[in-house]
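> The structure file run.txt (compact mmCIF, C-alpha atoms) is provided below.
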```txt
# COMPACT_ATOMS: atom_id res chain seq x y z
CA MET A 298 -32.16 24.87 79.54
CA CYS A 299 -33.84 21.74 78.14
CA GLY A 300 -36.69 22.15 80.61
CA ASP A 301 -37.19 25.79 79.55
CA PHE A 302 -37.20 24.76 75.88
CA ARG A 303 -39.87 22.12 76.47
CA VAL A 304 -42.02 24.63 78.36
CA GLY A 305 -41.62 27.16 75.50
CA LEU A 306 -42.52 24.55 72.88
CA SER A 307 -45.58 23.52 74.87
CA PHE A 308 -46.61 27.17 75.18
CA LEU A 309 -46.22 27.62 71.39
CA ARG A 310 -48.40 24.59 70.71
CA GLN A 311 -51.08 26.06 72.95
CA ARG A 312 -50.96 29.36 71.08
CA LEU A 313 -50.82 27.91 67.54
CA LEU A 314 -53.38 25.37 66.34
CA THR A 315 -51.80 23.32 63.56
CA GLU A 316 -51.80 19.81 62.17
CA GLY A 317 -48.02 19.92 61.88
CA VAL A 318 -45.54 19.96 59.00
CA GLU A 319 -44.76 17.33 56.37
CA GLU A 320 -42.04 16.98 53.77
CA GLU A 321 -43.17 17.07 50.14
CA SER A 322 -40.69 16.95 47.24
CA GLY A 323 -37.91 18.16 49.49
CA ARG A 324 -39.93 21.09 50.87
CA SER A 325 -41.66 21.57 54.21
CA LYS A 326 -45.43 21.99 53.94
CA VAL A 327 -47.99 22.80 56.64
CA LYS A 328 -50.61 20.06 56.76
CA ASP A 329 -54.27 20.89 56.27
CA LEU A 330 -56.15 21.23 59.56
CA GLN A 331 -59.52 19.50 59.49
CA PHE A 332 -62.48 21.71 60.36
CA GLU A 333 -63.77 19.25 62.97
CA LYS A 334 -60.62 19.74 65.05
CA PHE A 335 -60.99 23.51 64.71
CA VAL A 336 -64.59 23.32 66.00
CA GLU A 337 -63.47 21.22 68.94
CA MET A 338 -60.76 23.72 69.93
CA PHE A 339 -63.10 26.73 69.61
CA SER A 340 -66.09 25.28 71.39
CA ALA A 341 -64.98 27.06 74.58
CA PRO A 342 -62.10 29.36 75.64
CA PRO A 343 -59.18 29.63 76.09
CA PHE A 344 -58.47 29.85 72.36
CA PRO A 345 -55.13 29.67 70.52
CA LEU A 346 -53.77 32.90 69.07
CA PHE A 347 -53.32 31.51 65.56
CA VAL A 348 -54.72 28.73 63.37
CA ALA A 349 -52.59 27.45 60.48
CA GLN A 350 -53.86 26.10 57.15
CA LEU A 351 -57.47 25.42 58.11
CA GLU A 352 -59.39 23.50 55.43
CA VAL A 353 -62.95 24.82 55.18
CA THR A 354 -65.16 22.34 53.33
CA LEU A 355 -68.94 22.60 53.60
CA GLN A 356 -71.16 19.57 53.96
CA SER A 357 -73.81 19.16 51.26
CA GLU A 358 -76.69 20.68 53.25
CA GLN A 359 -74.51 23.52 54.53
CA GLU A 360 -73.32 24.22 51.00
CA ALA A 361 -76.88 24.19 49.67
CA ARG A 362 -77.95 26.85 52.18
CA LEU A 363 -75.06 29.15 51.23
CA LEU A 364 -75.70 28.67 47.51
CA LYS A 365 -79.37 29.52 47.96
CA HIS A 366 -78.28 32.67 49.82
CA PHE A 367 -76.66 33.74 46.53
CA ARG A 368 -79.66 32.46 44.51
CA LEU A 369 -77.55 29.70 42.93
CA ASP A 370 -78.76 26.18 42.14
CA PRO A 371 -77.05 23.58 44.41
CA ARG A 372 -77.61 20.94 41.70
CA ARG A 373 -75.36 22.84 39.29
CA VAL A 374 -72.83 24.67 41.47
CA LYS A 375 -70.32 23.50 44.07
CA PHE A 376 -68.02 25.52 46.30
CA GLY A 377 -64.35 24.58 46.28
CA PRO A 378 -62.63 24.34 49.68
CA ALA A 379 -61.12 27.42 51.28
CA ARG A 380 -57.67 27.12 52.85
CA PRO A 381 -56.67 30.40 54.51
CA ASP A 382 -52.98 30.23 55.36
CA LEU A 383 -53.41 31.67 58.84
CA LEU A 384 -56.19 32.85 61.11
CA GLU A 385 -55.38 35.39 63.83
CA VAL A 386 -57.64 35.18 66.87
CA LEU A 387 -58.35 38.73 68.07
CA PRO A 388 -60.11 39.77 71.29
CA PRO A 389 -63.75 40.93 71.15
CA THR A 390 -64.34 44.53 70.16
CA ALA A 391 -66.64 44.98 73.18
CA GLU A 392 -66.90 43.35 76.59
CA GLY A 393 -68.90 40.16 76.41
CA GLY A 394 -68.53 39.99 72.63
CA ARG A 395 -67.05 37.27 70.46
CA SER A 396 -63.42 36.70 69.61
CA ARG A 397 -62.68 37.54 65.99
CA LEU A 398 -60.99 35.38 63.35
CA ARG A 399 -58.91 37.56 61.00
CA ILE A 400 -57.71 35.96 57.76
CA TRP A 401 -54.04 36.17 56.78
CA ASP A 402 -52.89 34.99 53.35
CA PHE A 403 -49.26 34.63 52.27
CA LYS A 404 -48.15 35.15 48.65
CA ALA A 405 -44.76 34.62 47.04
CA ASN A 406 -45.40 37.54 44.66
CA GLN A 407 -43.46 40.76 44.91
CA LYS A 408 -46.73 42.65 45.41
CA ALA A 409 -50.29 41.56 46.24
CA ARG A 410 -52.54 41.48 43.19
CA HIS A 411 -56.23 42.27 42.81
CA ASP A 412 -57.15 38.58 42.51
CA HIS A 413 -55.43 37.84 45.83
CA TYR A 414 -57.83 40.20 47.63
CA ILE A 415 -60.77 38.55 45.85
CA GLN A 416 -59.53 35.13 46.95
CA VAL A 417 -59.42 36.22 50.61
CA ALA A 418 -62.94 37.64 50.30
CA TYR A 419 -64.12 34.27 48.99
CA TYR A 420 -62.44 32.56 51.96
CA SER A 421 -64.28 34.89 54.33
CA PHE A 422 -67.70 33.89 52.97
CA LEU A 423 -67.04 30.16 53.35
CA LEU A 424 -65.39 30.50 56.76
CA ASP A 425 -68.13 32.78 58.11
CA HIS A 426 -70.84 30.37 56.93
CA ALA A 427 -69.00 27.32 58.31
CA VAL A 428 -68.51 28.96 61.73
CA ARG A 429 -72.21 29.87 61.91
CA GLU A 430 -73.28 26.40 60.79
CA ALA A 431 -71.05 24.83 63.46
CA GLY A 432 -72.85 26.86 66.14
CA LEU A 433 -69.68 28.40 67.56
CA ALA A 434 -71.06 31.06 69.87
CA SER A 435 -67.74 32.45 71.13
CA VAL A 436 -66.07 33.39 67.83
CA GLU A 437 -66.97 35.21 64.62
CA VAL A 438 -65.15 35.99 61.38
CA ASP A 439 -63.69 39.46 60.92
CA THR A 440 -65.41 40.61 57.73
CA GLU A 441 -63.99 44.15 57.91
CA VAL A 442 -60.22 43.67 57.74
CA ALA A 443 -57.88 40.96 56.40
CA VAL A 444 -54.12 40.75 55.79
CA ILE A 445 -52.01 39.74 52.80
CA CYS A 446 -48.28 39.17 53.20
CA SER A 447 -46.23 39.47 50.00
CA ARG A 448 -42.53 39.99 49.38
CA GLU A 449 -43.24 43.71 49.55
CA GLY A 450 -44.49 43.43 53.13
CA THR A 451 -47.53 42.87 55.33
CA SER A 452 -50.60 44.74 54.13
CA PRO A 453 -53.87 44.88 56.10
CA PHE A 454 -56.74 45.93 53.84
CA GLU A 455 -60.46 46.67 54.00
CA LEU A 456 -62.26 43.44 53.24
CA ARG A 457 -65.81 44.75 52.80
CA PRO A 458 -65.41 46.20 49.24
CA TYR A 459 -64.07 42.87 47.99
CA ARG A 460 -66.84 40.95 49.72
CA LEU A 461 -69.34 43.21 47.94
CA ALA A 462 -67.63 42.40 44.62
CA VAL A 463 -67.79 38.64 45.28
CA ASP A 464 -71.41 38.92 46.40
CA ASP A 465 -72.32 40.87 43.25
CA PHE A 466 -70.57 38.34 41.02
CA LEU A 467 -72.27 35.33 42.59
CA ARG A 468 -75.73 36.91 42.65
CA ASN A 469 -75.83 38.88 39.42
CA ARG A 470 -73.11 37.66 37.07
CA ALA A 471 -72.45 34.00 37.77
CA PRO A 472 -75.95 32.72 36.79
CA ALA A 473 -75.57 34.09 33.24
CA LEU A 474 -72.08 32.61 33.04
CA PHE A 475 -73.30 29.19 34.16
CA ASP A 476 -76.04 29.30 31.52
CA THR A 477 -73.52 30.06 28.74
CA PRO A 478 -72.20 27.04 26.81
CA SER A 479 -68.42 26.71 27.18
CA ALA A 480 -67.98 27.24 23.43
CA ASP A 481 -69.54 30.71 23.80
CA ALA A 482 -67.93 31.71 27.11
CA HIS A 483 -64.82 33.86 27.12
CA PHE A 484 -61.86 32.06 28.65
CA HIS A 485 -58.27 32.19 27.53
CA VAL A 486 -55.62 29.49 27.95
CA GLU A 487 -52.08 30.85 28.01
CA ASP A 488 -48.67 30.10 29.49
CA GLN A 489 -49.58 31.69 32.83
CA CYS A 490 -52.31 29.05 33.27
CA SER A 491 -49.72 26.29 33.71
CA MET A 492 -49.90 26.38 37.52
CA CYS A 493 -53.71 26.50 37.70
CA GLU A 494 -55.46 23.32 38.85
CA TYR A 495 -58.12 23.82 36.15
CA MET A 496 -55.57 24.10 33.32
CA GLU A 497 -56.29 20.66 31.87
CA HIS A 498 -60.06 21.21 31.92
CA CYS A 499 -59.75 24.53 30.08
CA ARG A 500 -57.33 23.04 27.56
CA GLN A 501 -59.76 20.21 26.82
CA GLU A 502 -62.57 22.73 26.30
CA ALA A 503 -60.35 24.78 23.98
CA ASP A 504 -59.43 21.71 21.93
CA ALA A 505 -63.02 20.46 21.74
CA HIS A 506 -64.40 23.75 20.39
CA TYR A 507 -61.44 24.89 18.23
CA ASP A 508 -61.02 27.84 20.56
CA LEU A 509 -58.91 30.81 19.50
CA SER A 510 -56.71 30.16 22.55
CA ARG A 511 -55.08 27.39 20.51
CA VAL A 512 -53.52 30.01 18.21
CA THR A 513 -49.95 30.49 19.39
CA TYR A 514 -49.27 33.74 21.28
CA ILE A 515 -52.72 35.26 20.64
CA SER A 516 -53.75 37.59 23.45
CA SER A 517 -56.98 37.52 25.44
CA GLU A 518 -57.88 41.00 24.18
CA SER A 519 -57.33 40.01 20.54
CA LYS A 520 -59.51 36.97 21.10
CA ARG A 521 -62.27 39.28 22.40
CA ARG A 522 -61.92 41.55 19.35
CA LEU A 523 -62.13 38.62 16.95
CA ARG A 524 -65.13 37.09 18.70
CA ALA A 525 -66.91 40.46 18.67
CA ASP A 526 -66.47 40.48 14.89
CA GLY A 527 -67.87 36.97 14.55
CA VAL A 528 -64.58 35.03 14.40
CA SER A 529 -65.21 32.48 17.15
CA THR A 530 -62.82 29.61 16.31
CA HIS A 531 -59.38 29.17 14.82
CA ARG A 532 -61.04 27.45 11.86
CA GLU A 533 -62.97 30.62 11.12
CA LEU A 534 -59.75 32.61 11.58
CA ALA A 535 -57.95 30.36 9.07
CA ALA A 536 -60.69 31.11 6.52
CA LEU A 537 -60.41 34.89 7.03
CA ALA A 538 -59.83 36.38 3.57
CA ASP A 539 -62.12 39.42 3.21
CA GLU A 540 -59.77 42.41 2.89
CA GLU A 541 -62.30 44.90 4.23
CA ARG A 542 -62.93 42.74 7.29
CA ILE A 543 -59.21 42.26 7.85
CA GLU A 544 -58.64 46.03 7.75
CA ARG A 545 -61.48 46.56 10.22
CA LEU A 546 -60.00 44.01 12.62
CA GLN A 547 -56.50 45.49 12.30
CA ALA A 548 -57.90 48.92 13.13
CA SER A 549 -59.59 47.58 16.28
CA SER A 550 -56.41 47.06 18.34
CA HIS A 551 -52.65 47.50 18.22
CA ASP A 552 -51.96 43.79 18.61
CA LEU A 553 -54.19 42.84 15.67
CA SER A 554 -52.73 45.65 13.56
CA VAL A 555 -49.29 44.07 14.00
CA ASN A 556 -49.99 40.35 14.36
CA LEU A 557 -53.26 39.44 12.63
CA ALA A 558 -51.47 37.99 9.61
CA ARG A 559 -49.34 35.83 11.92
CA TYR A 560 -52.43 34.60 13.77
CA VAL A 561 -54.06 33.64 10.47
CA SER A 562 -50.91 31.71 9.44
CA ALA A 563 -50.87 29.91 12.80
CA ALA A 564 -54.55 29.03 12.40
CA LEU A 565 -53.87 27.63 8.93
CA ALA A 566 -51.09 25.50 10.39
CA LEU A 567 -53.54 24.09 12.93
CA GLU A 568 -55.78 23.08 10.02
CA ASP A 569 -53.31 21.17 7.87
CA GLY A 570 -50.25 20.71 10.08
CA LEU A 571 -47.91 22.37 7.57
CA PRO A 572 -45.27 24.85 8.79
CA ARG A 573 -45.56 28.42 7.57
CA GLY A 574 -43.34 31.46 7.67
CA LEU A 575 -44.66 34.28 9.81
CA GLY A 576 -43.45 37.06 7.55
CA ALA A 577 -40.94 38.41 10.05
CA THR A 578 -37.16 38.41 10.29
CA THR A 579 -34.68 39.15 13.01
CA LEU A 580 -32.18 41.95 12.68
CA LEU A 581 -29.26 40.77 10.56
CA MET A 582 -25.65 41.34 11.61
CA PRO A 583 -23.41 43.06 9.04
CA ARG A 584 -20.89 40.98 7.08
CA TYR A 585 -17.92 42.48 8.91
CA GLU A 586 -19.31 41.75 12.39
CA ASP A 587 -16.76 40.24 14.78
CA VAL A 588 -18.36 41.04 18.15
CA ARG A 589 -21.58 39.40 19.23
CA VAL A 590 -23.48 40.03 22.47
CA VAL A 591 -26.06 37.59 23.88
CA LEU A 592 -28.40 38.75 26.66
CA CYS A 593 -30.71 36.57 28.74
CA ALA A 594 -33.18 37.04 31.58
CA GLU A 595 -34.64 34.39 33.90
CA GLN A 596 -38.12 34.90 35.36
CA ASP A 597 -39.55 33.16 38.41
CA ALA A 598 -42.82 31.40 37.49
CA VAL A 599 -44.36 32.06 40.92
CA THR A 600 -43.36 35.61 41.75
CA GLN A 601 -43.27 36.85 38.11
CA THR A 602 -40.05 38.73 38.95
CA CYS A 603 -36.72 38.62 37.13
CA PHE A 604 -34.21 36.94 39.47
CA ALA A 605 -31.22 36.53 37.11
CA LEU A 606 -29.66 38.35 34.15
CA GLY A 607 -26.87 37.16 31.89
CA LEU A 608 -24.45 38.86 29.52
CA LYS A 609 -22.11 36.99 27.17
CA GLY A 610 -19.84 38.59 24.59
CA TYR A 611 -18.10 36.84 21.67
CA GLU A 612 -15.09 38.80 20.38
CA GLY A 613 -13.26 36.74 17.84
CA TRP A 614 -11.82 33.24 17.78
CA ASP A 615 -9.07 31.64 19.86
CA ALA A 616 -7.40 29.46 17.20
CA LYS A 617 -4.94 27.96 19.66
CA ASN A 618 -7.60 26.62 22.02
CA GLY A 619 -10.33 26.24 19.40
CA LYS A 620 -12.97 28.32 21.12
CA PRO A 621 -14.53 31.80 20.94
CA LEU A 622 -12.91 34.69 22.75
CA GLY A 623 -15.12 36.65 25.07
CA THR A 624 -16.54 37.15 28.53
CA GLU A 625 -19.55 35.93 30.46
CA GLN A 626 -21.25 37.65 33.39
CA VAL A 627 -24.19 36.49 35.50
CA PHE A 628 -26.21 38.72 37.84
CA VAL A 629 -28.42 36.98 40.41
CA ALA A 630 -30.82 38.57 42.92
CA ARG A 631 -29.85 36.84 46.16
CA GLN A 632 -32.22 38.66 48.48
CA GLU A 633 -35.72 40.12 48.47
CA GLY A 634 -35.98 43.26 46.38
CA GLY A 635 -32.65 42.60 44.66
CA GLU A 636 -34.00 42.86 41.11
CA ALA A 637 -33.33 46.60 40.80
CA GLN A 638 -29.73 46.22 41.95
CA ILE A 639 -28.86 43.45 39.47
CA LEU A 640 -30.53 45.41 36.66
CA LEU A 641 -28.32 48.41 37.45
CA GLU A 642 -25.17 46.27 37.49
CA PHE A 643 -26.26 44.53 34.28
CA LEU A 644 -26.87 47.81 32.43
CA ARG A 645 -23.56 49.25 33.61
CA SER A 646 -21.68 46.21 32.28
CA LEU A 647 -23.55 46.27 28.99
CA ASN A 648 -22.98 50.01 28.61
CA GLU A 649 -19.26 49.55 29.26
CA LEU A 650 -19.05 46.85 26.58
CA LEU A 651 -20.94 48.93 24.01
CA ARG A 652 -18.79 51.99 24.72
CA ARG A 653 -15.63 49.93 24.21
CA VAL A 654 -16.90 48.46 20.94
CA ASP A 655 -17.97 51.92 19.75
CA ALA A 656 -14.52 53.34 20.50
CA GLU A 657 -12.86 50.50 18.56
CA ASN A 658 -15.27 51.04 15.65
CA ARG A 659 -14.39 54.73 15.51
CA GLU A 660 -10.69 53.93 15.58
CA ALA A 661 -11.13 51.41 12.77
CA CYS A 662 -13.07 53.96 10.69
CA GLU A 663 -10.25 56.45 11.05
CA ARG A 664 -7.68 53.88 9.95
CA PHE A 665 -9.79 52.60 7.05
CA PRO A 666 -11.92 55.53 5.86
```
Just give me the structure of the file as structure tokens.


Amino acid sequence: MCGDFRVGLSFLRQRLLTEGVEEESGRSKVKDLQFEKFVEMFSAPPFPLFVAQLEVTLQSEQEARLLKHFRLDPRRVKFGPARPDLLEVLPPTAEGGRSRLRIWDFKANQKARHDHYIQVAYYSFLLDHAVREAGLASVEVDTEVAVICSREGTSPFELRPYRLAVDDFLRNRAPALFDTPSADAHFHVEDQCSMCEYMEHCRQEADAHYDLSRVTYISSESKRRLRADGVSTHRELAALADEERIERLQASSHDLSVNLARYVSAALALEDGLPRGLGATTLLMPRYEDVRVVLCAEQDAVTQTCFALGLKGYEGWDAKNGKPLGTEQVFVARQEGGEAQILLEFLRSLNELLRRVDAENREACERFP
């Protein structure tokens, strides 16, 4: 048995090219595979079936040639490394042809997003260029099909439309963006940026230019509307006082129609550091209230899905034990796709509680008309 296991492990190593696994903060992580080792393994067959976590970094001259292909200035632009999670080595489409490298990318999200497909297309450009520059005559990158694996499942997709979009951006849109001063460029720093490696850079730019992103809870669309009307910084927003202009801005979008006054108050607070009321109140409980219900939801920062719901009811006071009377229920999604099930259970429990309280209210009204 031990001999068979060692043979199987050796066979797996031959079929999977990897640098191995390391422990990081209590989690197992696949190490980056250096491109030089990849070139060595693919200089001649037989090839492995899969390549894990290949790091594709172009040398300066290689990078310059790819940038010039997109009509970009190598003195101003650099390509970040590409790290496709997995490469599948497929047989040639025709006899005597080259083996194909198909990109697989794994996402923790419930469903693959548009930007995930764009990311894979970007990987394909760098990988294709690096393979050509290395002179590997026996393999080529599959630029027609790629695969994204999300919690929803494994989804092959047509890569060419996304490569066209990346090509168009780099050739026709990026140059104008690079020529735009950061103070005039549209970018928006929000809570979802917290896991981005460029978060600190964007925050520094926002602080340096009094960017509207610094206004608490302002949306990217509202920032666009304000900038289109000439309000480019939170200092200009704090000085907004023209009633006609305010009405025009409020008519431009639903968010501004509801929250413009709050954004102005927040901008004023950024100016002088003084707290201000936002002109809003929560719903007030009636004086005779003796049942209180607290609901909570927990969202996963990576998958953007709700993995836990909570329901706690307070129904009076236990004088003997010195604590509130009530119940507490927690609903946790313990498997993939479990969000819908816990939502159903949560709503059933909440509905049962509200029905019981309603019945008691009706009984009390009959006793005390």

> Need the shell around Phe454 (chain A): protein/DNA/RNA residues with any atom at most 8 Å away, counting all atoms listed in the file. Skip same-chain ones fewer than 2 positions apart. Format as number ranges by chain?

A: 442-445, 452, 456

> A:Gln407, A:Thr390, A:Thr354, A:Ser322: which is nearest Thr451 (chain A), counting all atoms listed in the file?

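Nearest candidate to Thr451 (chain A) out of A:Gln407, A:Thr390, A:Thr354, A:Ser322: A:Gln407.
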
> Here is a test: counting only C-alpha atoms, which residue of A:Val588, A:Ser510, A:Tyr420, A:Ala536 is nearest to Gly377 (chain A)?

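Selected residue with least distance to Gly377 (chain A): A:Tyr420.
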
> Which one is closest to Val627 (chain A): A:Asn648, A:Glu657, A:Glu595, A:Gln489? Count all atoms listed in the file.

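Smallest distance to Val627 (chain A) is found for A:Glu595.
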
> Which residues come within 10 Å of Glu487 (chain A), counting all atoms listed in the file, excluding same-chain residues fewer than 3 positions away, as a list in words?

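My reading of the contact set: Phe484, Cys490, Ser491, Met496, Arg500, Ser510, Arg511, Val512, Thr513, Tyr514, Ile515, Ser516 and Ser517 of chain A.
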
> Determine the nearest neighbour of Pro472 (chain A) from the options A:Asp370, A:Glu333, A:Glu625, A:Glu540, counting only C-alpha atoms.

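For Pro472 (chain A), the nearest of the candidates is A:Asp370.
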
> Go ahead and compute the interatomic distance for CA of Ser421 (chain A) and CA of Ile400 (chain A), in Å to one decimal.

7.5 Å

> Between A:Asp597, A:Asp465, A:Asp569, A:Asp587, which has the minimum distance to Asn658 (chain A) (counting all atoms listed in the file)?

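Once distances to Asn658 (chain A) are computed over all atoms listed in the file, the minimum belongs to A:Asp587.
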
> Looking at all atoms listed in the file, which of A:Arg589, A:Lys609, A:Arg631, A:Arg448 is the one that sits closest to Val654 (chain A)?

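Checking each of A:Arg589, A:Lys609, A:Arg631, A:Arg448 against Val654 (chain A), counting all atoms listed in the file, the winner is A:Arg589.
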
> If we count only C-alpha atoms, what is near Phe466 (chain A) at a cut-off of 12 Å, once residues fewer than 4 positions away on the same chain are taken out, given as a VMD selection string?

chain A and resid 367 to 369 415 419 459 to 462 470 to 475

> Those same residues, written as a JSON list (two decimals), in the frame of the given file with C-alpha atoms?


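Below is the file that was written, selection.json:
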```
[["chain", "number", "residue", "atom", "x", "y", "z"],
["A", 367, "PHE", "CA", -76.66, 33.74, 46.53],
["A", 368, "ARG", "CA", -79.66, 32.46, 44.51],
["A", 369, "LEU", "CA", -77.55, 29.70, 42.93],
["A", 415, "ILE", "CA", -60.77, 38.55, 45.85],
["A", 419, "TYR", "CA", -64.12, 34.27, 48.99],
["A", 459, "TYR", "CA", -64.07, 42.87, 47.99],
["A", 460, "ARG", "CA", -66.84, 40.95, 49.72],
["A", 461, "LEU", "CA", -69.34, 43.21, 47.94],
["A", 462, "ALA", "CA", -67.63, 42.40, 44.62],
["A", 470, "ARG", "CA", -73.11, 37.66, 37.07],
["A", 471, "ALA", "CA", -72.45, 34.00, 37.77],
["A", 472, "PRO", "CA", -75.95, 32.72, 36.79],
["A", 473, "ALA", "CA", -75.57, 34.09, 33.24],
["A", 474, "LEU", "CA", -72.08, 32.61, 33.04],
["A", 475, "PHE", "CA", -73.30, 29.19, 34.16]]
```

> What is the CA of Arg559 (chain A)-CA of Ser519 (chain A) distance in Å, reported with one decimal?

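These two atoms are separated by 12.5 Å.
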
> Quick one: residues within 7 Å of (-65.1, 25.8, 23.9) (file frame), counting all atoms listed in the file, please, as a ChimeraX atom specification.

/A:479-481,502-503,505-508

> How many Å separate CA of Pro478 (chain A) from CA of Phe376 (chain A)?

20.0 Å

> Name all residues at most 12 Å from Gly634 (chain A) (count only C-alpha atoms; drop same-chain ones fewer than 6 positions away) and give them as a PyMOL selection string.

chain A and resi 406-408+447-450+600+602-604+640

> In the coordinates of the file, take the point (-58.4, 44.7, 67.4) and a cut-off of 12 Å; then, counting only C-alpha atoms, name each qualifying protein, DNA or RNA residue as an MDAnalysis selection string.

chainID A and resid 385:391 395:399 439 441:443
